[in-house]
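Pasting work.csv here (CSV, C-alpha atoms (C1' of nucleotides)):
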```
chain,number,residue,atom,x,y,z
A,1,MET,CA,251.7,105.4,132.5
A,2,GLU,CA,251.8,107.9,135.4
A,3,PRO,CA,249.3,110.3,134.0
A,4,TYR,CA,246.8,107.4,133.8
A,5,ARG,CA,247.6,106.5,137.4
A,6,SER,CA,246.9,109.9,138.7
A,7,ILE,CA,243.6,110.1,136.8
A,8,LEU,CA,242.4,106.9,138.3
A,9,GLN,CA,243.6,107.7,141.8
A,10,LYS,CA,241.9,111.1,141.8
A,11,ARG,CA,238.7,109.2,141.2
A,12,GLY,CA,239.3,106.8,144.0
A,13,TYR,CA,240.4,103.8,141.8
A,14,ARG,CA,243.7,102.0,141.8
A,15,MET,CA,246.4,101.4,139.2
A,16,THR,CA,247.3,97.7,138.9
A,17,PRO,CA,249.7,95.6,136.9
A,18,GLN,CA,246.7,94.3,134.9
A,19,ARG,CA,245.5,97.8,134.0
A,20,ILE,CA,249.0,98.8,133.1
A,21,ALA,CA,249.4,95.8,130.8
A,22,VAL,CA,246.2,96.6,129.0
A,23,LEU,CA,247.0,100.3,128.6
A,24,ARG,CA,250.5,99.4,127.4
A,25,VAL,CA,249.1,97.0,124.7
A,26,MET,CA,246.6,99.5,123.6
A,27,ALA,CA,249.1,102.3,123.4
A,28,GLU,CA,251.6,100.1,121.5
A,29,PHE,CA,249.2,98.9,118.9
A,30,GLY,CA,247.3,102.2,118.6
A,31,ARG,CA,244.4,100.7,116.6
A,32,HIS,CA,241.1,98.9,117.0
A,33,MET,CA,241.5,95.6,118.9
A,34,THR,CA,239.1,93.0,120.0
A,35,PRO,CA,239.0,91.8,123.6
A,36,ILE,CA,240.5,88.5,122.5
A,37,GLU,CA,243.5,90.3,120.8
A,38,VAL,CA,244.0,92.4,123.8
A,39,PHE,CA,243.9,89.3,126.0
A,40,GLN,CA,246.5,87.6,124.0
A,41,GLN,CA,248.9,90.5,123.9
A,42,ALA,CA,248.3,91.4,127.6
A,43,GLN,CA,249.3,87.9,128.5
A,44,GLN,CA,252.7,88.5,127.0
A,45,GLU,CA,253.1,91.6,129.1
A,46,LEU,CA,251.8,90.0,132.2
A,47,PRO,CA,251.8,86.2,132.3
A,48,GLY,CA,248.9,85.0,134.5
A,49,MET,CA,246.5,87.6,133.2
A,50,THR,CA,243.0,86.1,132.9
A,51,GLU,CA,240.2,86.7,130.5
A,52,PRO,CA,237.6,88.0,132.9
A,53,THR,CA,240.1,90.5,134.1
A,54,VAL,CA,240.7,91.7,130.5
A,55,TYR,CA,237.0,92.1,129.9
A,56,ARG,CA,236.5,93.9,133.2
A,57,THR,CA,239.5,96.1,132.6
A,58,LEU,CA,238.4,97.1,129.1
A,59,ASN,CA,235.0,97.9,130.3
A,60,PHE,CA,236.3,99.9,133.2
A,61,LEU,CA,238.9,101.8,131.3
A,62,SER,CA,236.4,102.8,128.6
A,63,GLU,CA,233.9,103.9,131.3
A,64,GLN,CA,236.7,106.1,132.7
A,65,GLY,CA,237.4,107.5,129.2
A,66,LEU,CA,240.9,106.1,128.9
A,67,LEU,CA,239.8,103.8,126.1
A,68,LEU,CA,237.2,104.1,123.4
A,69,ALA,CA,234.9,101.3,122.6
A,70,ALA,CA,232.9,100.8,119.4
A,71,HIS,CA,230.9,98.3,117.5
A,72,VAL,CA,232.2,98.0,114.0
A,73,GLY,CA,229.5,95.8,112.5
A,74,SER,CA,228.6,92.1,112.6
A,75,GLY,CA,228.7,92.1,116.3
A,76,GLN,CA,232.4,93.0,116.5
A,77,PHE,CA,233.1,95.0,119.6
A,78,VAL,CA,236.5,96.7,119.6
A,79,TYR,CA,238.5,99.0,121.7
A,80,GLU,CA,241.3,101.6,121.1
A,81,ILE,CA,243.2,104.0,123.2
A,82,ALA,CA,241.7,107.4,123.6
A,83,LEU,CA,244.2,109.8,122.2
A,84,ARG,CA,241.9,112.3,120.5
A,85,ASP,CA,238.2,112.7,120.1
A,86,HIS,CA,237.1,111.2,116.8
A,87,HIS,CA,234.5,109.0,115.2
A,88,HIS,CA,234.3,106.4,112.5
A,89,LEU,CA,232.7,106.0,109.2
A,90,ILE,CA,232.5,102.4,108.0
A,91,CYS,CA,231.4,101.0,104.7
A,92,ARG,CA,228.9,98.2,105.0
A,93,GLU,CA,230.0,96.6,101.8
A,94,CYS,CA,233.8,96.5,101.8
A,95,GLY,CA,234.5,97.4,105.4
A,96,GLU,CA,236.6,100.5,104.6
A,97,ALA,CA,236.9,102.7,107.7
A,98,LEU,CA,237.4,106.4,107.8
A,99,GLU,CA,238.1,108.6,110.8
A,100,ILE,CA,236.2,111.9,111.2
A,101,GLY,CA,237.0,114.6,113.6
A,102,HIS,CA,234.8,115.5,116.5
A,103,GLU,CA,234.3,119.0,115.3
A,104,LEU,CA,231.8,117.7,112.7
A,105,LEU,CA,229.5,116.5,115.5
A,106,ALA,CA,230.0,119.5,117.8
A,107,GLN,CA,227.2,121.5,116.3
A,108,LEU,CA,224.8,118.5,116.5
A,109,TYR,CA,225.7,118.0,120.2
A,110,GLU,CA,225.0,121.7,120.8
A,111,ASN,CA,221.6,121.4,119.1
A,112,LEU,CA,220.7,118.3,121.1
A,113,LYS,CA,221.7,120.1,124.3
A,114,ASN,CA,219.5,123.0,123.4
A,115,GLN,CA,216.5,120.9,122.5
A,116,THR,CA,216.7,118.2,125.1
A,117,GLY,CA,218.9,119.4,127.9
A,118,PHE,CA,221.1,116.3,127.6
A,119,GLN,CA,224.8,116.9,127.7
A,120,ILE,CA,226.1,114.4,125.2
A,121,ASN,CA,229.5,112.8,125.8
A,122,SER,CA,229.6,110.1,123.2
A,123,MET,CA,233.1,110.7,121.9
A,124,HIS,CA,233.2,107.7,119.7
A,125,VAL,CA,230.3,107.3,117.4
A,126,THR,CA,230.3,104.9,114.4
A,127,PHE,CA,228.3,105.6,111.3
A,128,PHE,CA,227.6,103.0,108.7
A,129,GLY,CA,227.1,103.7,105.0
A,130,LEU,CA,228.5,103.0,101.5
A,131,CYS,CA,231.8,104.3,100.4
A,132,PRO,CA,231.9,106.0,97.0
A,133,GLY,CA,233.3,102.8,95.3
A,134,CYS,CA,230.6,100.6,96.6
A,135,GLN,CA,227.8,103.0,95.8
A,136,GLU,CA,228.5,102.5,92.1
A,137,LYS,CA,228.3,98.8,92.3
A,138,LYS,CA,225.3,98.7,94.6
A,139,PRO,CA,223.0,101.8,94.3
A,140,SER,CA,221.4,102.7,97.6
A,141,ALA,CA,217.8,102.2,98.2
A,142,GLN,CA,215.0,102.5,100.6
A,143,ILE,CA,213.3,99.8,102.7
A,144,SER,CA,210.7,99.4,100.0
A,145,ASP,CA,213.2,98.9,97.2
A,146,ASN,CA,215.5,96.0,96.4
A,147,SER,CA,218.6,96.7,98.4
A,148,SER,CA,219.8,96.6,102.0
A,149,THR,CA,220.5,100.0,103.5
A,150,ALA,CA,219.2,101.2,106.8
A,151,GLY,CA,219.0,99.3,109.9
A,152,GLN,CA,221.9,97.5,111.7
A,153,GLN,CA,223.4,99.1,114.6
A,154,SER,CA,225.5,102.2,115.2
A,155,GLY,CA,225.2,102.7,118.9
B,1,MET,CA,203.1,90.5,107.3
B,2,GLU,CA,202.7,90.5,103.5
B,3,PRO,CA,204.6,93.8,102.9
B,4,TYR,CA,207.6,92.3,104.7
B,5,ARG,CA,207.3,89.1,102.6
B,6,SER,CA,207.4,91.0,99.3
B,7,ILE,CA,210.3,93.1,100.4
B,8,LEU,CA,212.3,90.0,101.1
B,9,GLN,CA,211.2,88.2,98.0
B,10,LYS,CA,212.2,91.1,95.8
B,11,ARG,CA,215.6,90.8,97.2
B,12,GLY,CA,215.8,87.1,96.6
B,13,TYR,CA,215.2,86.0,100.2
B,14,ARG,CA,212.4,83.9,101.6
B,15,MET,CA,209.7,84.5,104.2
B,16,THR,CA,209.6,81.6,106.7
B,17,PRO,CA,207.5,80.8,109.8
B,18,GLN,CA,210.6,81.7,111.9
B,19,ARG,CA,210.9,85.1,110.4
B,20,ILE,CA,207.2,85.7,110.7
B,21,ALA,CA,207.3,84.7,114.4
B,22,VAL,CA,210.1,87.2,115.1
B,23,LEU,CA,208.5,90.0,113.2
B,24,ARG,CA,205.2,89.3,115.0
B,25,VAL,CA,206.8,89.5,118.4
B,26,MET,CA,208.7,92.7,117.6
B,27,ALA,CA,205.6,94.4,116.2
B,28,GLU,CA,203.5,93.3,119.1
B,29,PHE,CA,205.9,94.5,121.8
B,30,GLY,CA,207.1,97.6,119.9
B,31,ARG,CA,210.0,98.3,122.1
B,32,HIS,CA,213.6,97.5,122.6
B,33,MET,CA,214.1,93.8,123.2
B,34,THR,CA,217.2,91.6,123.9
B,35,PRO,CA,217.7,88.5,121.7
B,36,ILE,CA,216.9,86.4,124.7
B,37,GLU,CA,213.5,88.1,125.2
B,38,VAL,CA,212.8,87.7,121.5
B,39,PHE,CA,213.7,84.0,121.7
B,40,GLN,CA,211.4,83.4,124.7
B,41,GLN,CA,208.5,85.2,123.0
B,42,ALA,CA,209.0,83.7,119.6
B,43,GLN,CA,209.0,80.2,121.1
B,44,GLN,CA,205.4,80.9,122.2
B,45,GLU,CA,204.5,81.9,118.7
B,46,LEU,CA,206.3,79.0,117.1
B,47,PRO,CA,207.2,76.1,119.4
B,48,GLY,CA,210.4,74.4,118.2
B,49,MET,CA,212.1,77.7,117.4
B,50,THR,CA,215.8,77.5,118.3
B,51,GLU,CA,218.3,80.1,119.7
B,52,PRO,CA,220.7,80.1,116.7
B,53,THR,CA,217.8,80.8,114.4
B,54,VAL,CA,216.7,83.7,116.5
B,55,TYR,CA,220.1,85.2,116.5
B,56,ARG,CA,220.5,84.7,112.8
B,57,THR,CA,217.0,86.0,112.1
B,58,LEU,CA,217.6,89.2,114.2
B,59,ASN,CA,220.9,89.8,112.4
B,60,PHE,CA,219.3,89.2,109.0
B,61,LEU,CA,216.3,91.3,109.5
B,62,SER,CA,218.3,94.2,110.8
B,63,GLU,CA,220.7,93.9,107.8
B,64,GLN,CA,217.6,94.1,105.7
B,65,GLY,CA,216.4,97.2,107.5
B,66,LEU,CA,213.2,95.6,108.9
B,67,LEU,CA,214.6,95.8,112.4
B,68,LEU,CA,216.8,98.3,114.1
B,69,ALA,CA,219.6,97.2,116.4
B,70,ALA,CA,221.4,99.2,119.0
B,71,HIS,CA,223.8,98.9,121.9
B,72,VAL,CA,222.3,100.6,124.9
B,73,GLY,CA,225.3,100.5,127.2
B,74,SER,CA,227.0,97.8,129.4
B,75,GLY,CA,227.1,95.4,126.5
B,76,GLN,CA,223.4,95.3,126.1
B,77,PHE,CA,222.5,94.7,122.5
B,78,VAL,CA,218.8,95.2,121.6
B,79,TYR,CA,216.5,95.2,118.7
B,80,GLU,CA,213.3,96.9,117.8
B,81,ILE,CA,211.0,97.0,114.8
B,82,ALA,CA,211.8,99.7,112.2
B,83,LEU,CA,208.7,101.8,112.0
B,84,ARG,CA,210.3,105.2,111.7
B,85,ASP,CA,213.8,106.6,111.4
B,86,HIS,CA,214.9,107.7,114.8
B,87,HIS,CA,217.8,107.7,117.2
B,88,HIS,CA,218.4,107.5,120.9
B,89,LEU,CA,219.8,109.6,123.6
B,90,ILE,CA,220.7,107.7,126.8
B,91,CYS,CA,221.7,109.0,130.2
B,92,ARG,CA,224.8,107.2,131.4
B,93,GLU,CA,223.8,107.8,135.0
B,94,CYS,CA,220.2,106.9,135.4
B,95,GLY,CA,219.6,105.2,132.0
B,96,GLU,CA,216.8,107.5,131.0
B,97,ALA,CA,216.2,107.2,127.2
B,98,LEU,CA,214.9,109.8,124.8
B,99,GLU,CA,214.0,109.4,121.1
B,100,ILE,CA,215.2,111.9,118.7
B,101,GLY,CA,214.0,112.3,115.1
B,102,HIS,CA,216.2,111.6,112.2
B,103,GLU,CA,215.9,115.2,110.8
B,104,LEU,CA,218.3,116.3,113.5
B,105,LEU,CA,221.0,114.2,111.9
B,106,ALA,CA,220.1,114.8,108.3
B,107,GLN,CA,222.3,117.9,107.9
B,108,LEU,CA,225.3,116.0,109.5
B,109,TYR,CA,224.8,113.1,107.0
B,110,GLU,CA,224.7,115.7,104.2
B,111,ASN,CA,228.0,117.3,105.4
B,112,LEU,CA,229.6,113.9,105.7
B,113,LYS,CA,228.6,113.0,102.2
B,114,ASN,CA,230.0,116.2,100.9
B,115,GLN,CA,233.3,115.8,102.7
B,116,THR,CA,234.0,112.1,102.4
B,117,GLY,CA,231.7,110.8,99.6
B,118,PHE,CA,230.3,108.2,102.0
B,119,GLN,CA,226.5,107.8,101.8
B,120,ILE,CA,225.6,107.3,105.4
B,121,ASN,CA,222.7,105.0,106.2
B,122,SER,CA,223.0,104.5,110.0
B,123,MET,CA,219.3,105.0,110.8
B,124,HIS,CA,219.7,104.1,114.4
B,125,VAL,CA,222.5,105.9,116.3
B,126,THR,CA,222.7,106.0,120.0
B,127,PHE,CA,224.3,108.9,121.8
B,128,PHE,CA,225.3,108.8,125.5
B,129,GLY,CA,225.4,111.7,127.9
B,130,LEU,CA,223.9,113.1,131.1
B,131,CYS,CA,220.3,114.1,131.4
B,132,PRO,CA,219.6,117.5,133.0
B,133,GLY,CA,218.8,115.9,136.4
B,134,CYS,CA,222.0,113.9,136.6
B,135,GLN,CA,224.1,116.9,135.4
B,136,GLU,CA,223.3,118.7,138.6
B,137,LYS,CA,224.3,115.8,140.8
B,138,LYS,CA,227.4,114.9,138.9
B,139,PRO,CA,229.0,117.8,137.0
B,140,SER,CA,230.6,116.7,133.7
B,141,ALA,CA,234.3,116.8,133.3
B,142,GLN,CA,237.2,116.1,131.0
B,143,ILE,CA,239.6,113.2,131.0
B,144,SER,CA,242.0,115.1,133.1
B,145,ASP,CA,239.4,115.9,135.7
B,146,ASN,CA,237.8,113.7,138.3
B,147,SER,CA,234.7,112.3,136.6
B,148,SER,CA,233.9,109.8,134.0
B,149,THR,CA,232.6,111.3,130.8
B,150,ALA,CA,233.8,110.3,127.3
B,151,GLY,CA,234.5,106.9,126.1
B,152,GLN,CA,232.2,103.9,126.1
B,153,GLN,CA,230.6,103.0,122.8
B,154,SER,CA,228.0,104.5,120.7
B,155,GLY,CA,228.7,103.2,117.4
C,1,DA,C1',257.7,101.3,157.9
C,2,DT,C1',253.3,99.1,159.1
C,3,DC,C1',248.5,98.6,159.4
C,4,DC,C1',243.9,98.9,157.5
C,5,DT,C1',240.3,99.5,154.3
C,6,DT,C1',238.4,98.1,150.3
C,7,DA,C1',239.1,98.1,145.2
C,8,DT,C1',240.6,94.5,142.3
C,9,DT,C1',241.8,89.9,140.9
C,10,DG,C1',241.5,84.8,139.9
C,11,DC,C1',238.9,80.9,139.9
C,12,DA,C1',235.2,78.3,138.5
C,13,DA,C1',230.9,77.9,136.8
C,14,DC,C1',227.9,80.0,134.2
C,15,DT,C1',225.1,82.4,130.3
C,16,DA,C1',225.3,84.4,125.7
C,17,DG,C1',226.2,84.1,121.1
C,18,DT,C1',228.4,81.6,116.8
C,19,DT,C1',229.5,78.2,113.3
C,20,DG,C1',229.7,74.0,110.1
C,21,DC,C1',227.0,71.0,108.0
C,22,DA,C1',223.4,67.9,106.6
C,23,DA,C1',218.4,68.0,106.2
C,24,DT,C1',214.4,70.7,105.0
C,25,DA,C1',211.2,73.5,102.7
C,26,DA,C1',210.2,78.2,100.2
C,27,DC,C1',209.8,79.8,96.0
C,28,DT,C1',210.5,79.7,90.7
C,29,DA,C1',209.7,77.9,86.5
C,30,DA,C1',208.0,74.5,83.5
D,1,DT,C1',200.8,70.8,89.9
D,2,DT,C1',205.2,69.1,90.0
D,3,DA,C1',210.1,69.2,90.0
D,4,DG,C1',214.4,71.6,90.9
D,5,DT,C1',217.2,75.0,93.1
D,6,DT,C1',219.1,76.8,96.9
D,7,DA,C1',218.0,79.8,101.0
D,8,DT,C1',217.1,78.6,105.6
D,9,DT,C1',216.8,75.7,109.6
D,10,DG,C1',218.1,72.6,113.5
D,11,DC,C1',221.5,70.2,115.7
D,12,DA,C1',225.6,69.9,118.2
D,13,DA,C1',229.7,71.5,119.4
D,14,DC,C1',232.0,75.4,119.9
D,15,DT,C1',233.8,80.3,121.2
D,16,DA,C1',232.9,84.6,123.6
D,17,DG,C1',231.7,87.0,127.5
D,18,DT,C1',229.7,87.4,132.5
D,19,DT,C1',229.1,86.7,137.4
D,20,DG,C1',229.6,85.5,142.5
D,21,DC,C1',232.7,85.2,145.9
D,22,DA,C1',236.8,84.4,148.6
D,23,DA,C1',241.7,85.8,148.4
D,24,DT,C1',244.8,89.4,147.4
D,25,DA,C1',247.1,93.7,147.2
D,26,DA,C1',247.0,99.1,146.2
D,27,DG,C1',247.4,103.1,148.4
D,28,DG,C1',246.0,106.3,152.3
D,29,DA,C1',246.7,107.0,157.2
D,30,DT,C1',249.3,106.4,161.3
```

Take the structure I supplied and represent it as C-alpha cells, if you would.
Amino acid sequence: MEPYRSILQKRGYRMTPQRIAVLRVMAEFGRHMTPIEVFQQAQQELPGMTEPTVYRTLNFLSEQGLLLAAHVGSGQFVYEIALRDHHHLICRECGEALEIGHELLAQLYENLKNQTGFQINSMHVTFFGLCPGCQEKKPSAQISDNSSTAGQQSG
Amino acid sequence: MEPYRSILQKRGYRMTPQRIAVLRVMAEFGRHMTPIEVFQQAQQELPGMTEPTVYRTLNFLSEQGLLLAAHVGSGQFVYEIALRDHHHLICRECGEALEIGHELLAQLYENLKNQTGFQINSMHVTFFGLCPGCQEKKPSAQISDNSSTAGQQSG
DNA sequence: ATCCTTATTGCAACTAGTTGCAATAACTAA
DNA sequence: TTAGTTATTGCAACTAGTTGCAATAAGGAT
C-alpha cells in the first residue's frame, strides 16, 4: 500500500483508511468490479464505509491512474486495479471478453498525436464486436441491412 | 423518418411516435445530448412522453446503430445521431473535443480481427488525452510521477 | 509532540436511471 | 378492412449514483 501512498502524497493528496480499503479490495479481487460490489467488499474491510465515499474514491483513484474504469455494455460501469496497460474486446452477443495489450494501440496513438497534437492517455479502451463463434450464428451487417452492429458506446 | 422505419421493420421492430420524437430531436440538434436533454426536447415534440421510455428508446436506437452513445468523462453519458462513422478525442484538462474519422481506426480493427478473430464494430470510440495547449501547462507523466494521466474510462 | 491547514468523509437529501407488469397499439396476414 | 400477435409504452416503485455542507482527520510545519 505504501507505493500508492507516496504517489498520492507527491501529488498533494492523502492516503485514508477508505482509500486503502478500496485499493485492498481491488487488488485482492483483481478483476472488473461494479461500484456496488466494491462497496460491499470494502464495508467488510472497513465497517462504516459509505456509498458516496466509495463512488468518490473510485472516481478519484481512476483519475489518478491507480484504477482503470470502463463501460462494458448495457450501462455497466466497472473498475479494476491498474497493474498493466491493456484494453478490452467484448462480444456484443455472448459477452465474452478478451484482453489486448497496449502495444496494439501504440501506433494509433502515435498517428493521432502527429495529426492532431493530442497526447492520448486512454490506457483502457473497450472495443465491442462479435467473437468468431457469434459471427457464424449472426452474420454482421451494415445499418441498412437486417442486423444490429454498429452504435452503442465504447468510450 | 421513413428510412429509419424500414430499417426497424426489416429487423422485426416497430416505429412508434416515441421513437420518431427521439430521432427528430437528435436529428434537429445534431450534437451530443444527455438523456435528460433528449427527454426535455422530446416532451415538446410529443407531450406525454415519459422518462423510462426515453432511456429505453435511446438504448434501443443505439443498439440498432441509429444513434451513437459515448461517455465523455466524469460519468457523462451522451448520445448523438449516427450520420457518419467517427470517433472522439477529448482533452482531460479543458474538455476540448475533436472528431476523428473512422479510417484512422480501420487498420487497427483489421489487425485485431487477424489476431483475435473478433469482428469489431465499435463505431464510436472516445479517447482521452491532453490537447497541445494543456500539454504545455501540465506536462504528462507516468503513474510513478506527479501528475494524473492514464486511467479513467474510454470504453 | 503539538498545532494548523485543508483534503476528505459522512450525512441527508437529492437526481438519474432501471425494472416488472398490465394495458396499448403497430404491424402482419387473412 | 378486420382480427390477431406481440413489441412497446406508461405507471409506479425501485435501485444507482451525486451533491452540499459541516465535521473530521491526514500530514506538513513548528

Quick one: which chain A residues come within 12 Å of chain C, and what is the nearest atom pair for each with the distance in Å to one decimal, counting only C-alpha atoms (C1' of nucleotides), rows ordered by chain and ascending number, as CSV?
```
residue,atom,partner,partner_atom,distance
A:Leu8,CA,C:DA7,C1',11.7
A:Gln9,CA,C:DA7,C1',11.1
A:Arg11,CA,C:DA7,C1',11.8
A:Gly12,CA,C:DA7,C1',8.8
A:Tyr13,CA,C:DA7,C1',6.8
A:Arg14,CA,C:DA7,C1',6.9
A:Met15,CA,C:DT8,C1',9.5
A:Thr16,CA,C:DT8,C1',8.2
A:Pro17,CA,C:DT9,C1',10.5
A:Gln18,CA,C:DT9,C1',8.9
A:Arg19,CA,C:DT8,C1',10.2
A:Gly48,CA,C:DG10,C1',9.2
A:Met49,CA,C:DG10,C1',8.8
A:Thr50,CA,C:DG10,C1',7.3
A:Glu51,CA,C:DG10,C1',9.7
A:Pro52,CA,C:DG10,C1',8.6
A:Thr53,CA,C:DT9,C1',7.0
A:Val54,CA,C:DT9,C1',10.6
A:Arg56,CA,C:DT8,C1',10.0
A:Thr57,CA,C:DT8,C1',9.9
A:Phe60,CA,C:DT8,C1',11.4
A:Ser74,CA,C:DT18,C1',11.3
A:Gly75,CA,C:DG17,C1',9.7
A:Gln76,CA,C:DG17,C1',11.8
```

Using only C-alpha atoms (C1' of nucleotides), which residues of chain D come within 8 Å of chain A, and what is the closest atom pair for each, with the distance in Å to one decimal? Give it as CSV, sorted by chain and residue number.
```
residue,atom,partner,partner_atom,distance
D:DG17,C1',A:Tyr55,CA,7.7
D:DT18,C1',A:Pro52,CA,7.9
D:DA26,C1',A:Arg14,CA,6.2
D:DG27,C1',A:Arg14,CA,7.6
```

Exercise. Between CA of Gly65 (chain A) and CA of Tyr4 (chain A), measure the distance and give it in Å to one decimal.
Key: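 Separation between CA of Gly65 (chain A) and CA of Tyr4 (chain A): 10.5 Å.
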
Quiz item: Nearest to chain A: which of B:Ala27, B:Ile20, B:Leu83, B:Leu67 is it, counting all atoms listed in the file?
Solution: B:Leu67

Quiz item: How many Å lie between CA of Pro132 (chain A) and CA of Ala70 (chain A), rounded to one decimal?
Solution: 23.0 Å

Practice problem: Considering all atoms listed in the file, state which residue in the set A:Val125, A:Ala21, A:Cys94, A:Cys134 is at the smallest distance from chain B. | Solution: A:Val125

Quiz prompt | Separation of CA of Phe127 (chain B) from CA of Asn121 (chain A), in Å and rounded to one decimal | solution =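 CA of Asn121 (chain A) lies 7.6 Å from CA of Phe127 (chain B).
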
Self-check item: Exercise: residues within 12 Å of coordinate (231.8, 104.6, 95.1), counting all atoms listed in the file, as a PyMOL selection string
Solution: (chain A and resi 91+93-94+96+129-140) or (chain B and resi 113+116-119)

For those residues, write C-alpha atoms to a file as a compact mmCIF listing (two decimals), in the coordinates of the input.
```txt
# COMPACT_ATOMS: atom_id res chain seq x y z
CA CYS A 91 231.40 101.00 104.70
CA GLU A 93 230.00 96.60 101.80
CA CYS A 94 233.80 96.50 101.80
CA GLU A 96 236.60 100.50 104.60
CA GLY A 129 227.10 103.70 105.00
CA LEU A 130 228.50 103.00 101.50
CA CYS A 131 231.80 104.30 100.40
CA PRO A 132 231.90 106.00 97.00
CA GLY A 133 233.30 102.80 95.30
CA CYS A 134 230.60 100.60 96.60
CA GLN A 135 227.80 103.00 95.80
CA GLU A 136 228.50 102.50 92.10
CA LYS A 137 228.30 98.80 92.30
CA LYS A 138 225.30 98.70 94.60
CA PRO A 139 223.00 101.80 94.30
CA SER A 140 221.40 102.70 97.60
CA LYS B 113 228.60 113.00 102.20
CA THR B 116 234.00 112.10 102.40
CA GLY B 117 231.70 110.80 99.60
CA PHE B 118 230.30 108.20 102.00
CA GLN B 119 226.50 107.80 101.80
```

Exercise. Pick out the closest residue to chain B from this set: A:Arg31, A:His87, A:His102, A:His71. Count only C-alpha atoms.
Key: A:His71
